[in-house]
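K.L.:
Here you go, this is run-v6.cif (mmCIF, C-alpha atoms).
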data_work
loop_
_atom_site.group_PDB
_atom_site.id
_atom_site.type_symbol
_atom_site.label_atom_id
_atom_site.label_comp_id
_atom_site.auth_asym_id
_atom_site.auth_seq_id
_atom_site.Cartn_x
_atom_site.Cartn_y
_atom_site.Cartn_z
ATOM 1 C CA MET A 409 -65.219 -2.466 59.881
ATOM 2 C CA PRO A 410 -68.098 -0.980 61.863
ATOM 3 C CA LEU A 411 -71.217 0.174 60.061
ATOM 4 C CA HIS A 412 -72.261 3.720 60.909
ATOM 5 C CA VAL A 413 -75.973 3.790 60.218
ATOM 6 C CA GLU A 414 -76.257 7.516 60.792
ATOM 7 C CA ARG A 415 -73.977 8.140 57.777
ATOM 8 C CA ILE A 416 -75.923 6.017 55.326
ATOM 9 C CA ALA A 417 -78.105 7.978 52.942
ATOM 10 C CA TRP A 418 -81.260 5.858 52.942
ATOM 11 C CA MET A 419 -83.311 5.750 49.775
ATOM 12 C CA PRO A 420 -86.879 4.552 49.676
ATOM 13 C CA SER A 421 -87.403 1.296 47.810
ATOM 14 C CA PRO A 422 -89.559 1.397 44.709
ATOM 15 C CA PRO A 423 -92.990 -0.154 45.138
ATOM 16 C CA LEU A 424 -93.285 -3.813 44.214
ATOM 17 C CA VAL A 425 -96.267 -2.936 42.072
ATOM 18 C CA PRO A 426 -96.012 0.320 40.129
ATOM 19 C CA ASP A 427 -98.381 3.007 41.363
ATOM 20 C CA ASP A 428 -99.217 4.483 37.986
ATOM 21 C CA GLY A 429 -102.925 4.439 38.648
ATOM 22 C CA PRO A 430 -105.488 1.687 38.278
ATOM 23 C CA ILE A 431 -103.890 0.333 35.076
ATOM 24 C CA ASP A 432 -100.154 -0.243 34.708
ATOM 25 C CA ILE A 433 -99.744 0.937 31.123
ATOM 26 C CA ALA A 434 -96.193 -0.400 30.748
ATOM 27 C CA HIS A 435 -97.361 -3.858 31.833
ATOM 28 C CA LEU A 436 -100.314 -3.695 29.445
ATOM 29 C CA GLN A 437 -98.010 -2.738 26.585
ATOM 30 C CA ARG A 438 -95.671 -5.643 27.378
ATOM 31 C CA MET A 439 -98.568 -8.081 27.495
ATOM 32 C CA THR A 440 -99.968 -6.866 24.169
ATOM 33 C CA LEU A 441 -96.540 -6.542 22.536
ATOM 34 C CA GLY A 442 -97.191 -2.840 21.970
ATOM 35 C CA ASP A 443 -100.166 -3.499 19.680
ATOM 36 C CA ALA A 444 -102.498 -0.546 20.368
ATOM 37 C CA GLY A 445 -105.481 -2.296 18.787
ATOM 38 C CA LEU A 446 -104.984 -5.341 20.981
ATOM 39 C CA GLU A 447 -104.627 -3.077 24.037
ATOM 40 C CA ARG A 448 -108.004 -1.505 23.306
ATOM 41 C CA GLU A 449 -109.579 -4.907 22.723
ATOM 42 C CA VAL A 450 -108.343 -6.482 25.962
ATOM 43 C CA LEU A 451 -109.198 -3.369 27.974
ATOM 44 C CA ALA A 452 -112.769 -3.391 26.664
ATOM 45 C CA MET A 453 -113.093 -7.135 27.363
ATOM 46 C CA PHE A 454 -111.670 -6.700 30.868
ATOM 47 C CA SER A 455 -114.036 -3.840 31.640
ATOM 48 C CA ALA A 456 -117.091 -5.881 30.625
ATOM 49 C CA GLN A 457 -115.863 -9.007 32.418
ATOM 50 C CA ALA A 458 -115.000 -7.096 35.592
ATOM 51 C CA VAL A 459 -118.505 -5.648 35.825
ATOM 52 C CA HIS A 460 -120.056 -9.046 35.218
ATOM 53 C CA LEU A 461 -117.862 -10.848 37.753
ATOM 54 C CA ALA A 462 -118.145 -8.140 40.424
ATOM 55 C CA GLY A 463 -121.927 -8.242 40.053
ATOM 56 C CA ALA A 464 -121.972 -12.024 40.322
ATOM 57 C CA LEU A 465 -119.665 -11.936 43.356
ATOM 58 C CA ALA A 466 -122.010 -9.568 45.176
ATOM 59 C CA GLY A 467 -124.439 -12.464 45.602
ATOM 60 C CA LEU A 468 -121.650 -14.785 46.835
ATOM 61 C CA PRO A 469 -122.670 -17.787 44.734
ATOM 62 C CA ALA A 470 -121.266 -21.264 45.394
ATOM 63 C CA ASP A 471 -118.486 -20.670 42.844
ATOM 64 C CA ALA A 472 -117.516 -17.262 44.272
ATOM 65 C CA ALA A 473 -113.916 -18.285 44.992
ATOM 66 C CA ALA A 474 -113.476 -19.402 41.373
ATOM 67 C CA LEU A 475 -115.031 -16.161 40.106
ATOM 68 C CA ALA A 476 -112.698 -14.082 42.291
ATOM 69 C CA HIS A 477 -109.755 -16.145 41.031
ATOM 70 C CA THR A 478 -110.805 -15.536 37.418
ATOM 71 C CA LEU A 479 -111.080 -11.800 38.011
ATOM 72 C CA LYS A 480 -107.679 -11.788 39.725
ATOM 73 C CA GLY A 481 -106.067 -13.443 36.697
ATOM 74 C CA SER A 482 -107.728 -11.137 34.186
ATOM 75 C CA ALA A 483 -106.732 -8.086 36.182
ATOM 76 C CA CYS A 484 -103.102 -9.229 36.437
ATOM 77 C CA ALA A 485 -102.991 -9.804 32.693
ATOM 78 C CA ILE A 486 -103.812 -6.185 31.861
ATOM 79 C CA GLY A 487 -102.021 -4.516 34.769
ATOM 80 C CA ALA A 488 -105.057 -3.741 36.942
ATOM 81 C CA PHE A 489 -103.124 -4.735 40.048
ATOM 82 C CA GLY A 490 -105.487 -3.007 42.483
ATOM 83 C CA VAL A 491 -108.336 -5.171 41.195
ATOM 84 C CA ALA A 492 -106.105 -8.248 41.323
ATOM 85 C CA GLU A 493 -105.137 -7.591 44.945
ATOM 86 C CA ALA A 494 -108.747 -6.955 45.985
ATOM 87 C CA ALA A 495 -109.920 -10.111 44.186
ATOM 88 C CA ALA A 496 -107.145 -12.129 45.838
ATOM 89 C CA ARG A 497 -108.184 -10.893 49.296
ATOM 90 C CA LEU A 498 -111.797 -11.772 48.570
ATOM 91 C CA GLU A 499 -110.822 -15.211 47.263
ATOM 92 C CA THR A 500 -108.835 -15.886 50.453
ATOM 93 C CA LEU A 501 -111.706 -14.770 52.683
ATOM 94 C CA ILE A 502 -114.198 -16.901 50.775
ATOM 95 C CA LYS A 503 -111.990 -19.958 51.166
ATOM 96 C CA SER A 504 -111.340 -19.287 54.862
ATOM 97 C CA GLY A 505 -114.923 -18.400 55.723
ATOM 98 C CA GLY A 506 -114.032 -14.884 56.881
ATOM 99 C CA ASP A 507 -116.218 -11.779 56.700
ATOM 100 C CA ARG A 508 -116.366 -10.808 53.044
ATOM 101 C CA SER A 509 -118.381 -7.574 53.186
ATOM 102 C CA GLU A 510 -115.380 -5.241 53.409
ATOM 103 C CA ALA A 511 -113.493 -7.196 50.747
ATOM 104 C CA LEU A 512 -116.496 -6.992 48.409
ATOM 105 C CA ALA A 513 -116.702 -3.224 48.884
ATOM 106 C CA GLU A 514 -112.958 -2.913 48.248
ATOM 107 C CA LEU A 515 -113.280 -4.995 45.085
ATOM 108 C CA ASP A 516 -116.195 -2.897 43.831
ATOM 109 C CA ASP A 517 -114.157 0.266 44.398
ATOM 110 C CA ALA A 518 -111.088 -1.171 42.637
ATOM 111 C CA VAL A 519 -113.208 -2.293 39.672
ATOM 112 C CA ALA A 520 -114.853 1.146 39.436
ATOM 113 C CA GLN A 521 -111.445 2.883 39.441
ATOM 114 C CA ALA A 522 -110.066 0.491 36.841
ATOM 115 C CA ARG A 523 -113.110 0.988 34.609
ATOM 116 C CA LEU A 524 -112.728 4.774 34.802
ATOM 117 C CA ALA A 525 -109.097 4.403 33.749
ATOM 118 C CA VAL A 526 -110.025 2.001 30.948
ATOM 119 C CA ASP A 527 -112.704 4.399 29.702
ATOM 120 C CA ALA A 528 -110.188 7.255 29.687
ATOM 121 C CA ILE A 529 -107.659 5.144 27.764
ATOM 122 C CA LEU A 530 -110.250 4.044 25.224
ATOM 123 C CA ARG A 531 -111.415 7.654 24.688
ATOM 124 C CA ARG A 532 -107.830 8.730 23.927
ATOM 125 C CA SER A 533 -107.369 6.012 21.351
#
When written as structure tokens, how does the structure in this file appear?
P.N.:
Amino acid sequence: MPLHVERIAWMPSPPLVPDDGPIDIAHLQRMTLGDAGLEREVLAMFSAQAVHLAGALAGLPADAAALAHTLKGSACAIGAFGVAEAAARLETLIKSGGDRSEALAELDDAVAQARLAVDAILRRS
């Protein structure tokens, strides 16, 4: 039976990572088992840690790859997938010896967006 491509109604695939903004709220709720107090606590801890790690990474210390890896894991845990992706790119570039300036700027931007979202969530609570 021949396949007639022109008759197929193509549908776009959903994104692999939800594009709900800097924080995937559904993921956060799953990770905190729907506990609103725990959500607020981990968001506040992530926000503080992200600022600290991004600041430390700016100087590219000897342990920069480990710091980027730590930030990537923390971001994944709360659903800050933009931060996680930027940290992963930076980690890869650090390990490969590539130019890190653009990746650092991208990470700083992702962290700033995530922190704005976290602040908005914490104000609502």
K.L.:
Would you pick out the contacts of stretch 444-456 of chain A at 12 Å or less, using all atoms listed in the file, so that residues sharing its chain but fewer than 4 positions from it are not included, and give the list as number ranges by chain?
P.N.:
A: 431-440, 460-463, 478-488, 491-492, 518-533
K.L.:
Evaluate the PyMOL selection byres ((chain A and resi 512-515) around 10) against this structure - the residues, as number ranges by chain, please.
P.N.:
A: 458, 462, 465-466, 468, 476, 490-498, 507-511, 516-521
K.L.:
Would you compute the distance between atom CA of A:Ala464 and atom CA of A:Pro430? Give it in Å to one decimal.
P.N.:
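Between these atoms lies a distance of 21.5 Å.
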K.L.:
How many Å lie between atom CA of A:Glu499 and atom CA of A:Val459, rounded to one decimal?
P.N.:
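So the answer is 16.8 Å.
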K.L.:
Could you jot down the atom CA of A:Pro469 to atom CA of A:Lys503 separation for me, Å, one decimal place?
P.N.:
12.7 Å
K.L.:
Give, as lines of an AutoDock Vina configuration file, the centre coordinates and the x, y and z edge lengths in Å to one decimal for an axis-aligned box around all listed atoms of stretch 488-492 of chain A, padded by 8 Å on each side.
P.N.:
center_x = -105.7
center_y = -5.6
center_z = 39.7
size_x = 21.2
size_y = 21.2
size_z = 21.5
